[in-house]
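These notes are about the structure you will find just below.
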Amino acid sequence: MSQVAQALIGDSEFDRDTAVALRAPGVPGVYDTELSAGWTIISAVNGGYLLALLGRALGDALPHPDPFTISGHYLSPSTPGPAVIRTEIIRTGRTLSTGQASLFQYADDGTEVERIRVLATYGDLGALPDDVRTSVRPPAIPAYEHCLGPNDGPAPIPGDSSLLERLEIRLDPATVGWAVGAPSGKGEMRGWFGLADGRDADALSLLLTVDAMPPTAFELGLKGWTPTVELTTHIRCRPAPGPLRVSITTRNLAGGFLEEDAEVWDSADRLVAQSRQLAKVPLGHG
């Protein structure tokens with residue numbers, strides 16, 4: 001078992017479910033893991049959870065602790081069950097290191113199927129300078145108690161939503177028109193975000209956060225889930241304790257694909273993560 005896996009025993013559900021175990025001392029960079037059914041949405045394993053799991057393996061393989069940027073290409077749907085992660089160190093430097101990782105599962109005939117491949121650069125967020133020059137501001141979201149949880153609306157999120165049981169999400173009422181059959185058409189989703197067991201956010205869990213909110217496609221009037229094709233995330237700093245605020249927007253749907261741009265803000269009003277993903281519009285939408 002790797003040092004990462006040993007350190008996570010007894011920690012939060014997210015930590016346990018993203019644990020990786022080094023296969024053998026003589027096989028560096030190869031990790032065994034188990035994809036938990038608790039992080040599924042409509043039977044598929046959530047893409048942000050997968051990104052965090054591969055991020056965990058790369059954090060164990062690389063000499064630097066924190067993901068700065070990580071890009072994942074989703075090659076085939078992942079399912080709950082055993083998986084293997086193979087990592088490769090591409091470059092190491094004084095302040096940054098770069099690696100890649102792929103997650104594989106076994107098909108019914110015993111052959112390996114690659115599910116997701118990522119390329120990432122890691123560093124030390126704690127060593128970054130304090131200088132901040134920005135024109136962006138935290139999203140205007142109503143107070144937590146004035147936002148809506150999964151059980152507050154007349155219509156639940158379509159499909160099996162095991163993922164939502166592990167999250168504490170409160171959505172801005174202005175972005176939940178889809179729940180009452182009146183989507184705004186604006187392609188926006190905003191709300192408060194945290195893990196249901198109270199675990200504070202860190203750099204790794206932010207990889208989940210950027211892809212765990214309901215899709216903006218709902219507010220565009222589309223039905224069904226939008227599978228991720230590619231997701232790139234930038235981690236800007238370690239988040240302060242407390243709930244996060246997440247804002248996601250879609251400005252262009254064309255050719256059966258849409259983009260989602262996400263910003264994540266912490267309780268100290270700092271932009272802690274940004275992401276962009278390309279997602280496929282569900283078949284038979286409307």
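Each chain in the structure tokens gets a letter, A, B and so on, in the order shown; residues start at 1 in every chain, and ligands are counted from 1 in the order they appear.
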
Please report as JSON lines every residue of segment 195-221 of chain A lying within 12 Å of segment 258-261 of chain A, along with the nearest atom pair and their distance in Å (one decimal), using only C-alpha atoms.
```
{"residue": "A:Val210", "atom": "CA", "partner": "A:Asp261", "partner_atom": "CA", "distance": 9.0}
{"residue": "A:Asp211", "atom": "CA", "partner": "A:Glu260", "partner_atom": "CA", "distance": 9.3}
{"residue": "A:Met213", "atom": "CA", "partner": "A:Glu260", "partner_atom": "CA", "distance": 11.0}
{"residue": "A:Pro214", "atom": "CA", "partner": "A:Glu260", "partner_atom": "CA", "distance": 11.2}
{"residue": "A:Pro215", "atom": "CA", "partner": "A:Glu260", "partner_atom": "CA", "distance": 8.3}
{"residue": "A:Thr216", "atom": "CA", "partner": "A:Glu260", "partner_atom": "CA", "distance": 7.3}
{"residue": "A:Ala217", "atom": "CA", "partner": "A:Leu258", "partner_atom": "CA", "distance": 8.4}
{"residue": "A:Leu220", "atom": "CA", "partner": "A:Leu258", "partner_atom": "CA", "distance": 10.7}
```

Take the residues that were just selected and, keeping C-alpha atoms, output them as a compact mmCIF listing (two decimals), in the first residue's frame.
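Writing the result to out.txt gives the following:
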```txt
# COMPACT_ATOMS: atom_id res chain seq x y z
CA VAL A 210 -15.54 21.75 -10.86
CA ASP A 211 -17.58 18.83 -12.26
CA MET A 213 -22.82 20.59 -9.96
CA PRO A 214 -25.91 19.93 -12.10
CA PRO A 215 -25.06 20.65 -15.75
CA THR A 216 -25.84 24.01 -17.32
CA ALA A 217 -27.65 22.02 -20.01
CA LEU A 220 -30.77 25.40 -21.52
```

Inset, instruction - Skip segment 35-42 of chain A itself and residues of its chain fewer than 3 positions away, then list as a list in words all residues within 9 Å of it, counting only C-alpha atoms. - result: Asp17, Thr18, Val45, Asn46, Tyr49, Leu50, Leu53, Ser78, Thr79, Pro80, Gly81, Pro82, Ala83, Pro158, Gly159, Asp160, Ser161, Ser162, Leu163, Leu164, Glu165, Arg166, Gly224 and Trp225 of chain A

Can I get the residues of segment 177-283 of chain A within 12 Å of segment 103-126 of chain A, each with the closest pair of atoms and their distance in Å to one decimal, using only C-alpha atoms, sorted chain first then ascending number, as a tab-separated table?
```
residue	atom	partner	partner_atom	distance
A:Asp202	CA	A:Leu125	CA	10.7
A:Ala203	CA	A:Leu125	CA	8.6
A:Leu204	CA	A:Tyr122	CA	11.3
A:Leu207	CA	A:Ala120	CA	11.9
A:Thr228	CA	A:Ile116	CA	10.7
A:Val229	CA	A:Ile116	CA	9.7
A:Glu230	CA	A:Ile116	CA	9.5
A:Leu231	CA	A:Val118	CA	9.3
A:Thr232	CA	A:Val118	CA	9.3
A:Thr233	CA	A:Ala120	CA	9.5
A:His234	CA	A:Thr121	CA	9.8
A:Ile235	CA	A:Leu125	CA	8.6
A:Arg236	CA	A:Leu125	CA	7.6
A:Cys237	CA	A:Leu125	CA	5.7
A:Arg238	CA	A:Leu125	CA	6.5
A:Pro239	CA	A:Leu125	CA	10.3
A:Val272	CA	A:Leu125	CA	10.6
```

Inset, instruction - Enumerate, as a PyMOL selection string, the complete set of residues in segment 174-281 of chain A that a backbone-based DSSP assignment places in strand (DSSP E or B). - result: chain A and resi 188-195+228-235+244-249+253-254+257-265+271-280
